[in-house]
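Structure, as structure tokens:
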Amino acid sequence: MAGERNRIITIANQKGGVGKTTTAINLATALAAIGERVLIIDLDPQGNASTGLGIDRRNRKLSSYDLMVGGAGVGEIALETAVPNLFIVPSTMDLLGVEMEISQQSDRVFKLKKALSSSEAVSFSYILLDCPPSFNLLTMNAMAAAHSVLVPLQCEFFALEGLSQLLETVNQVRRTINPQLDIQGIVLTMFDARNNLAQQVVNDVRTHLGEKVYHTLIPRNVRVSEAPSYGKPAILYDLKCAGSQAYLQLASEVIQRERQRLAA
């Protein structure tokens with residue numbers, strides 16, 4: 001893997017609007033707040049993670065595109081954010097051209113893994129890979145480079161249907177390109193306690209996947225939705241809101257699982 005001293009987690013779901021980027025930003029912020037050195041790599045051409053952390057598009061001289069095509073390394077590209085200990089490799093629309101550019105190369109699914117083997121990358125204790133909402137070459141690169149996959153899952157009717165497809169993709173990646181890849185956990189997002197269907201989805205997912213599902217439920221929360229428009233993680237925008245508190249709890253669970261893994 002890309003270094004034994006750090007942990008690389010892909011945040012993926014082929015469905016859009018499930019809270020991938022919100023989870024990446026706020027989980028990274030919570031980990032940084034307890035002293036971990038954290039890097040987000042924005043692999044979505046829309047660049048929402050970059051915008052949500054206040055990175056102006058004019059300041060994205062180098063981006064994850066350059067990382068993928070080998071034009072520059074993590075040390076040159078990573079930008080400091082307003083959160084101490086949290087850095088980001090930002091995204092630009094150039095990423096839309098990556099697939100065409102590298103698709104004929106024999107190592108096309110290992111471009112990111114190679115980039116994350118550098119000493120600059122290994123100096124981060126956590127690297128979170130924020131994927132686009134599709135199983136394209138960018139997502140495959142993320143899964144090839146990662147130790148584990150964290151899956152944000154919206155509490156809605158078709159959640160389990162999409163999840164089974166994603167789990168099959170993870171199994172396929174494990175069989176073919178990254179045998180060490182595992183499921184870090186399923187985090188249930190946009191939970192509305194007033195909605196009976198949401199509670200049913202929670203019960204169904206827990207029944208099917210048991211301990212793989214985090215205890216923390218991320219609630220629907222206006223403050224969390226507002227935060228990106230101010231270029232801030234919800235945890236900085238409003239620490240006391242229910243969404244921020246939930247992401248702090250999620251970070252505790254992630255770290256606890258890492259401790260259990262190391263102790264095993």
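Letters for chains follow the order of the structure tokens (A, B, ...), residue numbers begin at 1 for each chain, and ligand numbers begin at 1 in the order shown.
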Leaving out Leu236 of chain A and any residue of its chain fewer than 2 positions from it, which residues lie within 10 Å of it when counting only C-alpha atoms, given as a short mmCIF file (atom, residue, chain, number, x, y, z; two decimals) with C-alpha atoms, in the first residue's frame?
```
data_model
loop_
_atom_site.label_atom_id
_atom_site.label_comp_id
_atom_site.auth_asym_id
_atom_site.auth_seq_id
_atom_site.Cartn_x
_atom_site.Cartn_y
_atom_site.Cartn_z
CA ASN A 26 -16.36 17.27 8.19
CA THR A 29 -11.97 18.52 10.03
CA ALA A 30 -12.84 16.43 13.08
CA ALA A 82 -8.45 27.39 7.31
CA VAL A 83 -8.48 24.28 9.50
CA ALA A 227 -21.78 25.72 5.60
CA GLY A 231 -16.40 27.97 2.41
CA LYS A 232 -16.34 26.30 5.81
CA PRO A 233 -16.85 22.82 7.24
CA ALA A 234 -20.02 22.65 9.34
CA ASP A 238 -21.61 25.96 13.74
CA LEU A 239 -19.90 23.55 16.11
CA LYS A 240 -22.96 23.06 18.31
CA SER A 244 -21.46 18.95 13.51
#
```
I'd like the neighbourhood of Ser148 of chain A as a ChimeraX atom specification, where a residue qualifies if any of its atoms comes within 7 Å (using only C-alpha atoms), though same-chain residues fewer than 3 positions away should be ignored.
/A:8-10,181-184
Take the residues that were just selected and, keeping N, CA and C atoms, output them as a PDB file, in the first residue's frame.
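selection-v6.pdb, freshly written:
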```pdb
ATOM      1  N   ILE A   8      -5.355   5.455   4.178  1.00  0.00           N
ATOM      2  CA  ILE A   8      -5.980   6.062   3.005  1.00  0.00           C
ATOM      3  C   ILE A   8      -7.402   5.519   2.893  1.00  0.00           C
ATOM      4  N   ILE A   9      -8.372   6.413   2.958  1.00  0.00           N
ATOM      5  CA  ILE A   9      -9.782   6.025   2.958  1.00  0.00           C
ATOM      6  C   ILE A   9     -10.486   6.667   1.758  1.00  0.00           C
ATOM      7  N   THR A  10     -11.075   5.829   0.931  1.00  0.00           N
ATOM      8  CA  THR A  10     -11.883   6.309  -0.192  1.00  0.00           C
ATOM      9  C   THR A  10     -13.319   6.521   0.285  1.00  0.00           C
ATOM     10  N   LEU A 181      -8.104  -4.100   0.104  1.00  0.00           N
ATOM     11  CA  LEU A 181      -9.205  -3.143   0.268  1.00  0.00           C
ATOM     12  C   LEU A 181     -10.319  -3.737   1.119  1.00  0.00           C
ATOM     13  N   ASP A 182     -10.789  -2.997   2.103  1.00  0.00           N
ATOM     14  CA  ASP A 182     -11.936  -3.469   2.880  1.00  0.00           C
ATOM     15  C   ASP A 182     -12.951  -2.343   3.065  1.00  0.00           C
ATOM     16  N   ILE A 183     -14.075  -2.691   3.658  1.00  0.00           N
ATOM     17  CA  ILE A 183     -15.098  -1.681   3.941  1.00  0.00           C
ATOM     18  C   ILE A 183     -14.800  -1.076   5.308  1.00  0.00           C
ATOM     19  N   GLN A 184     -14.425   0.196   5.306  1.00  0.00           N
ATOM     20  CA  GLN A 184     -14.180   0.902   6.568  1.00  0.00           C
ATOM     21  C   GLN A 184     -15.482   0.966   7.373  1.00  0.00           C
TER      22      GLN A 184
END
```
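The residue set within 10 Å of Ile25 of chain A, counting only C-alpha atoms and dropping same-chain residues fewer than 5 places from it, reads Gly19, Lys20, Ala30, Ile40, Asn48, Ala49, Ser50, Gly52, Leu53, Leu86, Ile88, Leu128, Asp130, Pro228, Lys232, Pro233, Ala234, Ile235 and Tyr247 of chain A.
Atom CA of Ala115 of chain A lies 8.9 Å from atom CA of Ala72 of chain A.
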Could you pull out the strand (DSSP E) residues of segment 25-262 of chain A from DSSP and send them as a PyMOL selection string?
chain A and resi 38-42+79-80+86-89+126-130+148-154+182-191+213-219
Keeping N, CA and C atoms, export the residues of the selection given above as a compact mmCIF listing (two decimals), in the first residue's frame.
```txt
# COMPACT_ATOMS: atom_id res chain seq x y z
N VAL A 38 -4.10 15.65 8.21
CA VAL A 38 -5.08 15.09 7.28
C VAL A 38 -4.99 15.76 5.91
N LEU A 39 -5.13 14.95 4.87
CA LEU A 39 -5.17 15.45 3.50
C LEU A 39 -6.44 14.95 2.82
N ILE A 40 -7.18 15.86 2.20
CA ILE A 40 -8.28 15.47 1.30
C ILE A 40 -7.77 15.59 -0.13
N ILE A 41 -8.06 14.58 -0.93
CA ILE A 41 -7.80 14.69 -2.36
C ILE A 41 -9.15 14.75 -3.07
N ASP A 42 -9.41 15.88 -3.70
CA ASP A 42 -10.68 16.12 -4.37
C ASP A 42 -10.60 15.51 -5.77
N LEU A 79 -2.74 22.32 -0.64
CA LEU A 79 -2.93 23.67 -0.10
C LEU A 79 -3.40 23.59 1.35
N GLU A 80 -2.93 24.54 2.15
CA GLU A 80 -3.43 24.64 3.51
C GLU A 80 -4.87 25.14 3.48
N LEU A 86 -5.21 20.48 8.35
CA LEU A 86 -5.99 19.95 7.23
C LEU A 86 -5.54 20.60 5.92
N PHE A 87 -5.17 19.76 4.96
CA PHE A 87 -4.70 20.20 3.65
C PHE A 87 -5.60 19.58 2.58
N ILE A 88 -5.57 20.18 1.39
CA ILE A 88 -6.37 19.63 0.29
C ILE A 88 -5.61 19.71 -1.02
N VAL A 89 -5.71 18.65 -1.80
CA VAL A 89 -5.32 18.68 -3.21
C VAL A 89 -6.61 19.03 -3.95
N TYR A 126 -3.91 10.63 7.87
CA TYR A 126 -5.11 10.20 7.15
C TYR A 126 -5.17 10.92 5.81
N ILE A 127 -5.48 10.17 4.76
CA ILE A 127 -5.75 10.74 3.44
C ILE A 127 -7.15 10.29 3.05
N LEU A 128 -8.04 11.26 2.83
CA LEU A 128 -9.42 10.96 2.42
C LEU A 128 -9.58 11.30 0.95
N LEU A 129 -10.08 10.34 0.18
CA LEU A 129 -10.26 10.51 -1.26
C LEU A 129 -11.74 10.74 -1.55
N ASP A 130 -12.08 11.95 -1.97
CA ASP A 130 -13.48 12.29 -2.25
C ASP A 130 -13.77 12.02 -3.72
N SER A 148 -9.15 1.32 2.60
CA SER A 148 -10.54 0.99 2.89
C SER A 148 -11.49 1.99 2.22
N VAL A 149 -12.76 1.59 2.19
CA VAL A 149 -13.82 2.42 1.59
C VAL A 149 -14.83 2.77 2.67
N LEU A 150 -15.14 4.05 2.77
CA LEU A 150 -16.20 4.53 3.65
C LEU A 150 -17.37 4.93 2.76
N VAL A 151 -18.55 4.40 3.06
CA VAL A 151 -19.71 4.59 2.18
C VAL A 151 -20.78 5.43 2.87
N PRO A 152 -20.98 6.68 2.44
CA PRO A 152 -22.13 7.44 2.93
C PRO A 152 -23.39 6.93 2.24
N LEU A 153 -24.42 6.67 3.02
CA LEU A 153 -25.66 6.09 2.49
C LEU A 153 -26.85 6.91 2.98
N GLN A 154 -27.58 7.48 2.04
CA GLN A 154 -28.74 8.29 2.39
C GLN A 154 -29.88 7.40 2.88
N ASP A 182 -10.79 -3.00 2.10
CA ASP A 182 -11.94 -3.47 2.88
C ASP A 182 -12.95 -2.34 3.06
N ILE A 183 -14.08 -2.69 3.66
CA ILE A 183 -15.10 -1.68 3.94
C ILE A 183 -14.80 -1.08 5.31
N GLN A 184 -14.43 0.20 5.31
CA GLN A 184 -14.18 0.90 6.57
C GLN A 184 -15.48 0.97 7.37
N GLY A 185 -16.57 1.27 6.67
CA GLY A 185 -17.86 1.34 7.33
C GLY A 185 -18.89 2.04 6.47
N ILE A 186 -20.15 1.85 6.83
CA ILE A 186 -21.28 2.51 6.16
C ILE A 186 -21.77 3.59 7.10
N VAL A 187 -21.82 4.83 6.62
CA VAL A 187 -22.35 5.91 7.47
C VAL A 187 -23.69 6.37 6.90
N LEU A 188 -24.71 6.31 7.74
CA LEU A 188 -26.06 6.67 7.33
C LEU A 188 -26.25 8.17 7.44
N THR A 189 -26.61 8.81 6.32
CA THR A 189 -26.69 10.27 6.26
C THR A 189 -28.13 10.73 6.02
N MET A 190 -28.33 12.03 6.27
CA MET A 190 -29.62 12.69 6.00
C MET A 190 -30.76 11.98 6.71
N PHE A 191 -30.50 11.57 7.93
CA PHE A 191 -31.50 10.86 8.72
C PHE A 191 -32.51 11.85 9.31
N VAL A 213 -21.88 -1.07 9.88
CA VAL A 213 -22.62 0.20 9.90
C VAL A 213 -22.23 0.98 11.16
N TYR A 214 -21.82 2.22 10.97
CA TYR A 214 -21.47 3.06 12.13
C TYR A 214 -22.70 3.30 13.00
N HIS A 215 -22.48 3.43 14.29
CA HIS A 215 -23.58 3.74 15.21
C HIS A 215 -24.11 5.16 14.97
N THR A 216 -23.19 6.07 14.63
CA THR A 216 -23.57 7.47 14.44
C THR A 216 -24.49 7.63 13.23
N LEU A 217 -25.59 8.35 13.43
CA LEU A 217 -26.47 8.73 12.33
C LEU A 217 -26.26 10.22 12.05
N ILE A 218 -26.05 10.56 10.79
CA ILE A 218 -25.87 11.97 10.42
C ILE A 218 -27.25 12.54 10.09
N PRO A 219 -27.74 13.49 10.87
CA PRO A 219 -29.11 13.97 10.64
C PRO A 219 -29.20 14.96 9.48
```
Nearest to Asn171 of chain A, chosen from A:Leu31, A:Pro84, A:Ala144, A:Glu36, with only C-alpha atoms counted in the distances:
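That would be A:Ala144, the residue with the smallest distance to Asn171 of chain A.
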What does the distance between atom CA of Asn85 of chain A and atom CA of Arg58 of chain A come to in Å, to one decimal place?
22.5 Å
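The space separating atom CA of Ala251 of chain A from atom CA of Gly16 of chain A comes to 22.4 Å.
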Among segment 40-253 of chain A, which ones does DSSP assign to alpha helix (DSSP H) (computed from the backbone)? Answer as a ChimeraX atom specification.
/A:48-52,64-69,74-77,98-102,111-115,119-122,137-145,159-176,196-209,222-226,234-237,242-253
Hey, can you spit out that residue selection with C-alpha atoms as a PDB file, in the first residue's frame?
```pdb
ATOM      1  CA  ASN A  48     -17.170  20.767  -4.238  1.00  0.00           C
ATOM      2  CA  ALA A  49     -14.753  19.663  -1.513  1.00  0.00           C
ATOM      3  CA  SER A  50     -12.320  22.383  -2.596  1.00  0.00           C
ATOM      4  CA  THR A  51     -15.054  25.041  -2.639  1.00  0.00           C
ATOM      5  CA  GLY A  52     -16.467  23.799   0.670  1.00  0.00           C
ATOM      6  CA  SER A  64      -5.638  16.532  -8.646  1.00  0.00           C
ATOM      7  CA  TYR A  65      -5.409  16.479 -12.444  1.00  0.00           C
ATOM      8  CA  ASP A  66      -1.655  17.149 -12.165  1.00  0.00           C
ATOM      9  CA  LEU A  67      -1.387  14.453  -9.504  1.00  0.00           C
ATOM     10  CA  MET A  68      -3.099  11.906 -11.760  1.00  0.00           C
ATOM     11  CA  VAL A  69      -1.053  12.606 -14.888  1.00  0.00           C
ATOM     12  CA  VAL A  74       1.429  16.016  -3.350  1.00  0.00           C
ATOM     13  CA  GLY A  75       3.997  18.354  -1.806  1.00  0.00           C
ATOM     14  CA  GLU A  76       3.675  20.841  -4.667  1.00  0.00           C
ATOM     15  CA  ILE A  77      -0.114  20.675  -5.005  1.00  0.00           C
ATOM     16  CA  VAL A  98      -7.971  12.573 -17.263  1.00  0.00           C
ATOM     17  CA  GLU A  99      -9.806   9.447 -18.319  1.00  0.00           C
ATOM     18  CA  MET A 100      -9.124  10.027 -21.993  1.00  0.00           C
ATOM     19  CA  GLU A 101      -5.527  10.966 -21.274  1.00  0.00           C
ATOM     20  CA  ILE A 102      -4.550   7.857 -19.307  1.00  0.00           C
ATOM     21  CA  LYS A 111      -1.748   6.440 -11.110  1.00  0.00           C
ATOM     22  CA  LEU A 112      -3.041   7.681  -7.757  1.00  0.00           C
ATOM     23  CA  LYS A 113      -1.440   4.846  -5.787  1.00  0.00           C
ATOM     24  CA  LYS A 114       1.923   5.753  -7.276  1.00  0.00           C
ATOM     25  CA  ALA A 115       1.407   9.441  -6.443  1.00  0.00           C
ATOM     26  CA  SER A 119       7.290  10.873   1.305  1.00  0.00           C
ATOM     27  CA  GLU A 120       5.074  13.990   1.271  1.00  0.00           C
ATOM     28  CA  ALA A 121       1.945  11.841   1.057  1.00  0.00           C
ATOM     29  CA  VAL A 122       3.101   9.383   3.704  1.00  0.00           C
ATOM     30  CA  LEU A 137     -11.418   5.569 -13.798  1.00  0.00           C
ATOM     31  CA  LEU A 138     -11.015   8.198 -11.057  1.00  0.00           C
ATOM     32  CA  THR A 139     -13.004   6.085  -8.589  1.00  0.00           C
ATOM     33  CA  MET A 140     -11.097   2.958  -9.612  1.00  0.00           C
ATOM     34  CA  ASN A 141      -7.818   4.785  -8.978  1.00  0.00           C
ATOM     35  CA  ALA A 142      -9.090   5.774  -5.549  1.00  0.00           C
ATOM     36  CA  MET A 143     -10.015   2.194  -4.690  1.00  0.00           C
ATOM     37  CA  ALA A 144      -6.681   0.903  -5.994  1.00  0.00           C
ATOM     38  CA  ALA A 145      -4.809   3.379  -3.765  1.00  0.00           C
ATOM     39  CA  ALA A 159     -30.473   2.944  -0.536  1.00  0.00           C
ATOM     40  CA  LEU A 160     -29.932  -0.803  -0.220  1.00  0.00           C
ATOM     41  CA  GLU A 161     -30.295  -1.360  -3.954  1.00  0.00           C
ATOM     42  CA  GLY A 162     -27.425   1.006  -4.725  1.00  0.00           C
ATOM     43  CA  LEU A 163     -25.375  -0.313  -1.836  1.00  0.00           C
ATOM     44  CA  SER A 164     -25.335  -3.886  -3.144  1.00  0.00           C
ATOM     45  CA  GLN A 165     -23.903  -2.641  -6.443  1.00  0.00           C
ATOM     46  CA  LEU A 166     -21.189  -0.704  -4.628  1.00  0.00           C
ATOM     47  CA  LEU A 167     -20.247  -3.663  -2.430  1.00  0.00           C
ATOM     48  CA  GLU A 168     -19.945  -5.850  -5.519  1.00  0.00           C
ATOM     49  CA  THR A 169     -17.607  -3.260  -7.062  1.00  0.00           C
ATOM     50  CA  VAL A 170     -15.460  -3.289  -3.911  1.00  0.00           C
ATOM     51  CA  ASN A 171     -15.314  -7.102  -4.102  1.00  0.00           C
ATOM     52  CA  GLN A 172     -14.314  -6.914  -7.746  1.00  0.00           C
ATOM     53  CA  VAL A 173     -11.536  -4.419  -6.969  1.00  0.00           C
ATOM     54  CA  ARG A 174     -10.348  -6.689  -4.149  1.00  0.00           C
ATOM     55  CA  ARG A 175     -10.218  -9.684  -6.486  1.00  0.00           C
ATOM     56  CA  THR A 176      -8.444  -7.914  -9.328  1.00  0.00           C
ATOM     57  CA  ASN A 196     -40.780   6.230   9.485  1.00  0.00           C
ATOM     58  CA  LEU A 197     -39.169   5.195   6.190  1.00  0.00           C
ATOM     59  CA  ALA A 198     -35.794   6.575   7.304  1.00  0.00           C
ATOM     60  CA  GLN A 199     -35.923   4.462  10.456  1.00  0.00           C
ATOM     61  CA  GLN A 200     -36.881   1.425   8.369  1.00  0.00           C
ATOM     62  CA  VAL A 201     -33.848   1.977   6.114  1.00  0.00           C
ATOM     63  CA  VAL A 202     -31.599   2.195   9.182  1.00  0.00           C
ATOM     64  CA  ASN A 203     -33.006  -1.077  10.506  1.00  0.00           C
ATOM     65  CA  ASP A 204     -32.665  -2.820   7.132  1.00  0.00           C
ATOM     66  CA  VAL A 205     -29.056  -1.704   6.604  1.00  0.00           C
ATOM     67  CA  ARG A 206     -28.078  -2.735  10.135  1.00  0.00           C
ATOM     68  CA  THR A 207     -29.784  -6.123   9.652  1.00  0.00           C
ATOM     69  CA  HIS A 208     -27.900  -6.779   6.409  1.00  0.00           C
ATOM     70  CA  LEU A 209     -24.495  -5.375   7.335  1.00  0.00           C
ATOM     71  CA  VAL A 222     -29.846  23.095   7.747  1.00  0.00           C
ATOM     72  CA  ARG A 223     -26.568  24.370   9.229  1.00  0.00           C
ATOM     73  CA  VAL A 224     -24.610  21.550   7.571  1.00  0.00           C
ATOM     74  CA  SER A 225     -26.243  22.427   4.226  1.00  0.00           C
ATOM     75  CA  GLU A 226     -25.423  26.129   4.633  1.00  0.00           C
ATOM     76  CA  ALA A 234     -20.023  22.647   9.339  1.00  0.00           C
ATOM     77  CA  ILE A 235     -17.814  22.022  12.382  1.00  0.00           C
ATOM     78  CA  LEU A 236     -16.295  25.499  11.933  1.00  0.00           C
ATOM     79  CA  TYR A 237     -19.512  27.144  10.785  1.00  0.00           C
ATOM     80  CA  ALA A 242     -26.662  18.504  15.493  1.00  0.00           C
ATOM     81  CA  GLY A 243     -24.833  17.770  12.217  1.00  0.00           C
ATOM     82  CA  SER A 244     -21.457  18.953  13.513  1.00  0.00           C
ATOM     83  CA  GLN A 245     -21.831  16.968  16.705  1.00  0.00           C
ATOM     84  CA  ALA A 246     -22.691  13.871  14.662  1.00  0.00           C
ATOM     85  CA  TYR A 247     -19.544  14.238  12.535  1.00  0.00           C
ATOM     86  CA  LEU A 248     -17.427  14.571  15.685  1.00  0.00           C
ATOM     87  CA  GLN A 249     -18.965  11.309  16.916  1.00  0.00           C
ATOM     88  CA  LEU A 250     -18.284   9.679  13.552  1.00  0.00           C
ATOM     89  CA  ALA A 251     -14.607  10.695  13.762  1.00  0.00           C
ATOM     90  CA  SER A 252     -14.410   9.043  17.182  1.00  0.00           C
ATOM     91  CA  GLU A 253     -15.852   5.849  15.720  1.00  0.00           C
TER      92      GLU A 253
END
```
Go through A:Ser118, A:Ser134, A:Asn59, A:Asn178 and flag the residue nearest Gly17 of chain A, using only C-alpha atoms for the distances.
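Distance minimum relative to Gly17 of chain A lands on A:Ser134.
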